[in-house]
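Content type compact mmCIF, C-alpha atoms, from the file upload-v4.txt:
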```
# COMPACT_ATOMS: atom_id res chain seq x y z
CA MET S 1363 0.00 0.00 0.00
CA ARG S 1364 1.30 3.44 -0.93
CA THR S 1365 0.53 6.79 0.66
CA LEU S 1366 0.36 10.19 -1.04
CA VAL S 1367 2.23 12.92 0.85
CA LEU S 1368 1.04 16.55 0.67
CA ASN S 1369 2.88 19.62 1.94
CA ALA S 1370 1.29 22.25 4.17
CA GLY S 1371 -0.11 23.96 1.04
CA TYR S 1372 -1.82 20.72 -0.07
CA GLU S 1373 0.64 20.28 -2.97
CA PRO S 1374 1.50 16.65 -3.76
CA LEU S 1375 5.13 15.89 -2.95
CA GLY S 1376 5.52 12.20 -3.46
CA VAL S 1377 4.55 8.72 -2.46
CA VAL S 1378 5.84 6.80 0.55
CA SER S 1379 5.30 3.32 1.93
CA PHE S 1380 2.57 2.80 4.51
CA ARG S 1381 5.29 2.15 7.13
CA ARG S 1382 6.88 5.54 6.52
CA ALA S 1383 3.44 7.21 6.57
CA ILE S 1384 2.52 5.61 9.90
CA MET S 1385 5.85 6.68 11.41
CA LEU S 1386 5.28 10.29 10.28
CA VAL S 1387 1.79 10.26 11.83
CA LEU S 1388 2.92 8.63 15.10
CA ASN S 1389 5.76 11.16 15.42
CA GLN S 1390 3.22 13.96 14.86
CA LYS S 1391 4.98 15.14 11.72
CA ALA S 1392 1.88 14.49 9.60
CA THR S 1393 -1.88 14.10 9.90
CA VAL S 1394 -4.07 11.59 8.08
CA LEU S 1395 -6.47 13.06 5.53
CA GLU S 1396 -7.66 9.81 3.91
CA GLN S 1397 -7.34 6.26 5.11
CA ASN S 1398 -8.20 2.77 3.96
CA ASP S 1399 -10.86 1.47 6.35
CA GLU S 1400 -10.59 -2.09 5.06
CA LEU S 1401 -6.85 -2.63 5.60
CA LYS S 1402 -5.35 -2.46 9.06
CA VAL S 1403 -1.88 -2.84 10.54
CA ARG S 1404 -1.62 -4.50 13.93
CA SER S 1405 1.17 -4.04 16.42
CA ALA S 1406 1.74 -5.31 19.95
CA THR S 1407 0.13 -2.17 21.36
CA GLY S 1408 -2.55 -1.23 18.86
CA GLU S 1409 -4.26 -1.36 15.51
CA PHE S 1410 -3.94 1.29 12.79
CA GLU S 1411 -5.89 1.91 9.60
CA LEU S 1412 -3.58 2.39 6.62
CA PRO S 1413 -3.21 6.05 5.67
CA SER S 1414 -3.87 6.74 1.98
CA VAL S 1415 -3.19 10.52 2.05
CA ILE S 1416 -1.21 12.41 4.69
CA LEU S 1417 -0.51 16.12 5.20
CA LEU S 1418 2.90 17.15 6.51
CA ALA S 1419 2.88 19.57 9.44
CA ARG S 1420 5.88 21.50 8.07
CA TYR S 1421 7.61 21.44 4.73
CA VAL S 1422 10.22 23.73 3.19
CA ARG S 1423 9.83 23.84 -0.59
CA VAL S 1424 12.88 22.82 -2.56
CA PRO S 1425 13.50 25.27 -5.45
CA GLY S 1426 13.32 23.68 -8.89
CA SER S 1427 11.59 20.57 -7.60
CA ARG S 1428 9.05 20.74 -10.45
CA ASN S 1429 11.69 19.87 -13.05
CA ILE S 1430 11.20 16.25 -14.01
CA PRO S 1431 14.51 14.41 -14.30
CA VAL S 1432 15.16 12.63 -17.60
CA SER S 1433 15.38 8.84 -17.40
CA ARG S 1434 15.16 5.92 -19.80
CA ARG S 1435 12.08 4.65 -17.98
CA GLY S 1436 10.48 8.10 -18.14
CA VAL S 1437 11.05 8.46 -21.90
CA LEU S 1438 9.54 5.04 -22.56
CA ARG S 1439 6.58 5.88 -20.30
CA ARG S 1440 6.04 9.29 -21.93
CA ASP S 1441 5.97 7.68 -25.40
CA SER S 1442 3.73 4.79 -24.24
CA ASN S 1443 6.46 2.28 -25.15
CA ARG S 1444 5.87 3.02 -28.86
CA CYS S 1445 8.60 3.76 -31.40
CA ALA S 1446 8.68 7.43 -32.41
CA TYR S 1447 9.45 6.44 -36.01
CA CYS S 1448 7.38 3.32 -36.85
CA SER S 1449 4.89 3.06 -33.90
CA LYS S 1450 5.91 -0.52 -33.06
CA SER S 1451 6.74 -1.63 -29.53
CA ALA S 1452 9.78 0.25 -28.23
CA THR S 1453 12.42 -1.16 -25.91
CA THR S 1454 15.25 1.36 -26.38
CA ILE S 1455 15.64 5.12 -26.50
CA ASP S 1456 17.18 7.18 -29.29
CA HIS S 1457 18.75 10.62 -29.50
CA VAL S 1458 16.97 12.58 -32.25
CA GLN S 1459 20.11 14.71 -32.63
CA PRO S 1460 22.87 12.09 -32.14
CA LYS S 1461 25.21 12.55 -29.18
CA SER S 1462 28.15 12.29 -31.59
CA ARG S 1463 26.84 15.49 -33.20
CA GLY S 1464 26.20 17.46 -30.04
CA GLY S 1465 22.83 16.03 -29.02
CA LYS S 1466 22.03 16.28 -25.31
CA ASP S 1467 20.19 14.01 -22.88
CA THR S 1468 17.02 16.14 -22.70
CA TRP S 1469 13.31 15.40 -22.92
CA GLU S 1470 13.24 17.23 -26.26
CA ASN S 1471 16.05 15.12 -27.77
CA LEU S 1472 15.17 11.62 -26.50
CA VAL S 1473 12.43 9.38 -27.91
CA ALA S 1474 11.34 5.78 -27.44
CA CYS S 1475 12.55 3.60 -30.29
CA CYS S 1476 12.35 -0.01 -31.41
CA LEU S 1477 15.65 -1.86 -31.80
CA ARG S 1478 15.27 -2.12 -35.60
CA CYS S 1479 14.78 1.64 -36.11
CA ASN S 1480 17.52 2.45 -33.60
CA ASN S 1481 20.02 0.31 -35.50
CA LYS S 1482 18.90 1.70 -38.87
CA LYS S 1483 19.18 5.32 -37.74
CA GLY S 1484 22.55 4.90 -36.07
CA ASP S 1485 24.26 8.28 -35.67
CA LYS S 1486 22.45 9.98 -38.56
CA THR S 1487 20.07 12.92 -38.32
CA LEU S 1488 16.44 12.62 -39.39
CA ALA S 1489 17.08 14.87 -42.42
CA GLU S 1490 19.90 12.62 -43.64
CA ILE S 1491 17.70 9.53 -43.77
CA GLY S 1492 14.40 11.24 -44.60
CA TRP S 1493 12.54 10.19 -41.45
CA ALA S 1494 10.06 12.21 -39.39
CA LEU S 1495 8.85 11.98 -35.81
CA ARG S 1496 5.21 11.08 -35.12
CA THR S 1497 5.07 13.81 -32.45
CA ALA S 1498 7.52 16.40 -31.19
CA PRO S 1499 9.15 15.18 -27.95
CA ARG S 1500 8.85 17.44 -24.91
CA MET S 1501 9.03 17.31 -21.15
CA PRO S 1502 5.95 15.56 -19.73
CA HIS S 1503 3.55 17.49 -17.53
CA GLY S 1504 0.80 16.76 -15.06
CA THR S 1505 0.70 15.65 -11.48
CA ALA S 1506 1.40 12.01 -12.32
CA TRP S 1507 4.87 13.16 -13.46
CA ILE S 1508 5.46 15.71 -10.70
CA VAL S 1509 4.64 13.39 -7.81
CA ARG S 1510 7.69 11.25 -7.27
CA GLY S 1511 6.96 7.54 -7.13
CA ALA S 1512 3.42 7.75 -8.51
CA ASP S 1513 3.27 5.66 -11.66
CA HIS S 1514 -0.47 5.39 -11.19
CA ALA S 1515 -2.79 7.13 -8.75
CA GLU S 1516 -4.90 5.40 -6.12
CA PRO S 1517 -8.64 6.31 -6.22
CA GLU S 1518 -8.40 8.20 -2.89
CA TRP S 1519 -5.77 10.55 -4.36
CA HIS S 1520 -7.76 11.97 -7.28
CA SER S 1521 -9.30 14.95 -5.49
CA TYR S 1522 -5.87 15.97 -4.09
CA LEU S 1523 -4.09 15.57 -7.42
CA GLN S 1524 -6.72 17.71 -9.18
CA ILE S 1525 -6.03 20.57 -6.76
CA ALA S 1526 -2.41 20.63 -7.93
CA ALA S 1527 -3.19 20.48 -11.66
```
As structure tokens:
Amino acid sequence: MRTLVLNAGYEPLGVVSFRRAIMLVLNQKATVLEQNDELKVRSATGEFELPSVILLARYVRVPGSRNIPVSRRGVLRRDSNRCAYCSKSATTIDHVQPKSRGGKDTWENLVACCLRCNNKKGDKTLAEIGWALRTAPRMPHGTAWIVRGADHAEPEWHSYLQIAA
């Protein structure tokens, strides 16, 4: 079970394990906003309902925390595991502007790519081989990308994630 963590301004920060969430609540560093009434954790001294959403008592915002770091997994997820050139299933990523020609590791220069297209393209530019991208790559947006650790949202989180959108 995962727990959504909100800062004092009700902005989603990330996702933690239920153990971490219970520790934050027991240490009075957070309060429970939503909980799962069906699932309980038992200890030697008590029984606790699993928190689904918690609100931190204090939180200092980290500047630039809304920049989404580039990762192989993120590029594949953004492109729905589909090749940017032929739309088949993608398992690798490709630099649109090859690294050997000054291409950077940015959201705008990386796309999901099938192994066949990746090998065909090699270190050539799209103009050299006459290919085109299905869509222009860009940094993903939305709360599902901003909230660290949230590949998919639990039903109890929806109203809190909509506030942040």
### Message
Using all atoms listed in the file for the distances, tell me which of S:Thr1453, S:Leu1495, S:Ala1489, S:Pro1460 is nearest to Leu1477 of chain S.
### Response
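Nearest candidate to Leu1477 of chain S out of S:Thr1453, S:Leu1495, S:Ala1489, S:Pro1460: S:Thr1453.
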#### Entry: Selected residue of minimal separation from Ile1384 of chain S among S:Pro1413, S:Pro1499, S:Gly1436, S:Gly1371, counting only C-alpha atoms
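Of S:Pro1413, S:Pro1499, S:Gly1436, S:Gly1371, the one nearest Ile1384 of chain S is S:Pro1413, counting only C-alpha atoms.
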### Summary
Shortest contact to Lys1450 of chain S, candidates S:Arg1364, S:Arg1478, S:Ala1498, S:Leu1388, atoms counted only C-alpha atoms, goes to S:Arg1478
### Query
Any idea what's packed within 12 Å of Asn1443 of chain S, counting all atoms listed in the file, ignoring anything in its chain fewer than 6 positions away? Could you give it as a PyMOL selection string?
chain S and resi 1434-1437+1449-1455+1473-1476
### Message
If I take atom CA of Gly1484 of chain S and atom CA of Leu1438 of chain S, how far is one from the other in Å, to one decimal?
### Response
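Atom CA of Leu1438 of chain S lies 18.8 Å from atom CA of Gly1484 of chain S.
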Could you list, as a PDB file with C-alpha atoms, in the coordinates of the input, every residue within 6 Å of segment 1365-1369 of chain S, counting all atoms listed in the file and ignoring same-chain residues fewer than 4 positions away?
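Writing the result to part01.pdb gives the following:
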```
ATOM      1  CA  GLU S1373       0.640  20.280  -2.970  1.00  0.00           C
ATOM      2  CA  PRO S1374       1.500  16.650  -3.760  1.00  0.00           C
ATOM      3  CA  LEU S1375       5.130  15.890  -2.950  1.00  0.00           C
ATOM      4  CA  GLY S1376       5.520  12.200  -3.460  1.00  0.00           C
ATOM      5  CA  VAL S1377       4.550   8.720  -2.460  1.00  0.00           C
ATOM      6  CA  VAL S1378       5.840   6.800   0.550  1.00  0.00           C
ATOM      7  CA  PHE S1380       2.570   2.800   4.510  1.00  0.00           C
ATOM      8  CA  SER S1414      -3.870   6.740   1.980  1.00  0.00           C
ATOM      9  CA  VAL S1415      -3.190  10.520   2.050  1.00  0.00           C
ATOM     10  CA  ILE S1416      -1.210  12.410   4.690  1.00  0.00           C
ATOM     11  CA  LEU S1417      -0.510  16.120   5.200  1.00  0.00           C
ATOM     12  CA  LEU S1418       2.900  17.150   6.510  1.00  0.00           C
ATOM     13  CA  TYR S1421       7.610  21.440   4.730  1.00  0.00           C
TER      14      TYR S1421
END
```
### Task
May I have the protein, DNA and RNA residues with an atom at most 8 Å from (-7.4, 13.4, 2.1), counting only C-alpha atoms in the file's coordinates, returned as a list in words?
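Residues close enough to count: Val1394, Leu1395, Glu1396, Gln1397, Ser1414, Val1415, Ile1416, Glu1518, Trp1519, Ser1521 and Tyr1522 of chain S.
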### Query
What gap, in Å, lies between atom CA of Ser1405 of chain S and atom CA of Ala1419 of chain S?
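One can read the atom CA of Ser1405 of chain S to atom CA of Ala1419 of chain S distance as 24.7 Å.
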### Query
With only C-alpha atoms as the atoms that count, which of S:Lys1486, S:Arg1496, S:Lys1391, S:Lys1402 lies nearest to Val1458 of chain S?
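Using only C-alpha atoms, the shortest distance to Val1458 of chain S belongs to S:Lys1486.
One distance worth recording is that between atom CA of Arg1440 of chain S and atom CA of Gly1464 of chain S, which is 23.2 Å.
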### Query
Pick the closest to Leu1412 of chain S from S:Ala1383, S:Cys1445, S:Ile1430, S:Leu1488: which is it, counting only C-alpha atoms?
S:Ala1383
### Summary
Between S:Tyr1372, S:Arg1420, S:Val1432, S:Arg1404, smallest distance to Gln1390 of chain S by all atoms listed in the file belongs to S:Arg1420
### Surrounding residues of Thr1468 of chain S excluding itself and chain neighbours under 6 positions, 9 Å, only C-alpha atoms, as a ChimeraX atom specification
/S:1431-1432,1457,1500-1501
Store the residues picked out above in a file with C-alpha atoms, as a compact mmCIF listing (two decimals), in the coordinates of the input.
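Below is the file part.txt, written as the result:
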```
# COMPACT_ATOMS: atom_id res chain seq x y z
CA PRO S 1431 14.51 14.41 -14.30
CA VAL S 1432 15.16 12.63 -17.60
CA HIS S 1457 18.75 10.62 -29.50
CA ARG S 1500 8.85 17.44 -24.91
CA MET S 1501 9.03 17.31 -21.15
```
Please write out, as lines of an AutoDock Vina configuration file, where the centre of an axis-aligned box around all listed atoms of segment 1495-1502 of chain S lies and how long its edges are, in Å to one decimal, after adding 5 Å on each side.
```
center_x = 7.1
center_y = 14.3
center_z = -27.8
size_x = 14.1
size_y = 16.4
size_z = 26.1
```
#### Entry: Protein, DNA and RNA residues within 6 Å of (6.2, 9.6, -30.1), all atoms listed in the file, as a list in words
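Every polymer residue passing the test: Asp1441, Ala1446, Arg1496 and Thr1497 of chain S.
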Generate the missing atoms of segment 1382-1408 of chain S up to N, CA and C atoms and report them as a PDB file, in the coordinates of the input.
```
ATOM      1  N   ARG S1382       6.349   4.175   6.358  1.00  0.00           N
ATOM      2  CA  ARG S1382       6.880   5.540   6.520  1.00  0.00           C
ATOM      3  C   ARG S1382       5.747   6.496   6.900  1.00  0.00           C
ATOM      4  N   ALA S1383       4.586   6.340   6.275  1.00  0.00           N
ATOM      5  CA  ALA S1383       3.440   7.210   6.570  1.00  0.00           C
ATOM      6  C   ALA S1383       2.996   7.059   8.026  1.00  0.00           C
ATOM      7  N   ILE S1384       2.927   5.835   8.511  1.00  0.00           N
ATOM      8  CA  ILE S1384       2.520   5.610   9.900  1.00  0.00           C
ATOM      9  C   ILE S1384       3.534   6.216  10.864  1.00  0.00           C
ATOM     10  N   MET S1385       4.828   6.092  10.555  1.00  0.00           N
ATOM     11  CA  MET S1385       5.850   6.680  11.410  1.00  0.00           C
ATOM     12  C   MET S1385       5.727   8.206  11.458  1.00  0.00           C
ATOM     13  N   LEU S1386       5.451   8.833  10.302  1.00  0.00           N
ATOM     14  CA  LEU S1386       5.280  10.290  10.280  1.00  0.00           C
ATOM     15  C   LEU S1386       4.077  10.710  11.117  1.00  0.00           C
ATOM     16  N   VAL S1387       2.994   9.944  11.053  1.00  0.00           N
ATOM     17  CA  VAL S1387       1.790  10.260  11.830  1.00  0.00           C
ATOM     18  C   VAL S1387       2.045  10.041  13.321  1.00  0.00           C
ATOM     19  N   LEU S1388       2.655   8.921  13.686  1.00  0.00           N
ATOM     20  CA  LEU S1388       2.920   8.630  15.100  1.00  0.00           C
ATOM     21  C   LEU S1388       3.879   9.639  15.724  1.00  0.00           C
ATOM     22  N   ASN S1389       4.815  10.154  14.930  1.00  0.00           N
ATOM     23  CA  ASN S1389       5.760  11.160  15.420  1.00  0.00           C
ATOM     24  C   ASN S1389       5.208  12.577  15.308  1.00  0.00           C
ATOM     25  N   GLN S1390       3.938  12.693  14.981  1.00  0.00           N
ATOM     26  CA  GLN S1390       3.220  13.960  14.860  1.00  0.00           C
ATOM     27  C   GLN S1390       3.844  14.908  13.844  1.00  0.00           C
ATOM     28  N   LYS S1391       4.430  14.348  12.808  1.00  0.00           N
ATOM     29  CA  LYS S1391       4.980  15.140  11.720  1.00  0.00           C
ATOM     30  C   LYS S1391       3.991  15.254  10.571  1.00  0.00           C
ATOM     31  N   ALA S1392       2.899  14.475  10.646  1.00  0.00           N
ATOM     32  CA  ALA S1392       1.880  14.490   9.600  1.00  0.00           C
ATOM     33  C   ALA S1392       0.534  14.105  10.199  1.00  0.00           C
ATOM     34  N   THR S1393      -0.531  14.501   9.506  1.00  0.00           N
ATOM     35  CA  THR S1393      -1.880  14.100   9.900  1.00  0.00           C
ATOM     36  C   THR S1393      -2.511  13.327   8.741  1.00  0.00           C
ATOM     37  N   VAL S1394      -3.402  12.420   9.077  1.00  0.00           N
ATOM     38  CA  VAL S1394      -4.070  11.590   8.080  1.00  0.00           C
ATOM     39  C   VAL S1394      -5.267  12.328   7.522  1.00  0.00           C
ATOM     40  N   LEU S1395      -5.321  12.448   6.186  1.00  0.00           N
ATOM     41  CA  LEU S1395      -6.470  13.060   5.530  1.00  0.00           C
ATOM     42  C   LEU S1395      -7.427  12.006   4.971  1.00  0.00           C
ATOM     43  N   GLU S1396      -6.870  10.927   4.448  1.00  0.00           N
ATOM     44  CA  GLU S1396      -7.660   9.810   3.910  1.00  0.00           C
ATOM     45  C   GLU S1396      -7.027   8.525   4.419  1.00  0.00           C
ATOM     46  N   GLN S1397      -7.867   7.537   4.678  1.00  0.00           N
ATOM     47  CA  GLN S1397      -7.340   6.260   5.110  1.00  0.00           C
ATOM     48  C   GLN S1397      -8.145   5.123   4.512  1.00  0.00           C
ATOM     49  N   ASN S1398      -7.550   3.959   4.482  1.00  0.00           N
ATOM     50  CA  ASN S1398      -8.200   2.770   3.960  1.00  0.00           C
ATOM     51  C   ASN S1398      -8.838   2.047   5.141  1.00  0.00           C
ATOM     52  N   ASP S1399     -10.156   2.061   5.212  1.00  0.00           N
ATOM     53  CA  ASP S1399     -10.860   1.470   6.350  1.00  0.00           C
ATOM     54  C   ASP S1399     -10.825  -0.053   6.339  1.00  0.00           C
ATOM     55  N   GLU S1400     -10.564  -0.640   5.169  1.00  0.00           N
ATOM     56  CA  GLU S1400     -10.590  -2.090   5.060  1.00  0.00           C
ATOM     57  C   GLU S1400      -9.275  -2.736   5.510  1.00  0.00           C
ATOM     58  N   LEU S1401      -8.159  -2.067   5.255  1.00  0.00           N
ATOM     59  CA  LEU S1401      -6.850  -2.630   5.600  1.00  0.00           C
ATOM     60  C   LEU S1401      -6.342  -2.033   6.901  1.00  0.00           C
ATOM     61  N   LYS S1402      -5.863  -2.910   7.773  1.00  0.00           N
ATOM     62  CA  LYS S1402      -5.350  -2.460   9.060  1.00  0.00           C
ATOM     63  C   LYS S1402      -3.981  -3.070   9.321  1.00  0.00           C
ATOM     64  N   VAL S1403      -3.187  -2.353  10.104  1.00  0.00           N
ATOM     65  CA  VAL S1403      -1.880  -2.840  10.540  1.00  0.00           C
ATOM     66  C   VAL S1403      -1.980  -3.041  12.048  1.00  0.00           C
ATOM     67  N   ARG S1404      -1.562  -4.206  12.496  1.00  0.00           N
ATOM     68  CA  ARG S1404      -1.620  -4.500  13.930  1.00  0.00           C
ATOM     69  C   ARG S1404      -0.210  -4.527  14.509  1.00  0.00           C
ATOM     70  N   SER S1405      -0.100  -3.980  15.696  1.00  0.00           N
ATOM     71  CA  SER S1405       1.170  -4.040  16.420  1.00  0.00           C
ATOM     72  C   SER S1405       0.896  -4.653  17.789  1.00  0.00           C
ATOM     73  N   ALA S1406       1.912  -4.751  18.600  1.00  0.00           N
ATOM     74  CA  ALA S1406       1.740  -5.310  19.950  1.00  0.00           C
ATOM     75  C   ALA S1406       0.867  -4.417  20.809  1.00  0.00           C
ATOM     76  N   THR S1407       0.858  -3.111  20.498  1.00  0.00           N
ATOM     77  CA  THR S1407       0.130  -2.170  21.360  1.00  0.00           C
ATOM     78  C   THR S1407      -1.125  -1.579  20.727  1.00  0.00           C
ATOM     79  N   GLY S1408      -1.365  -1.840  19.455  1.00  0.00           N
ATOM     80  CA  GLY S1408      -2.550  -1.230  18.860  1.00  0.00           C
ATOM     81  C   GLY S1408      -2.806  -1.671  17.444  1.00  0.00           C
TER      82      GLY S1408
END
```
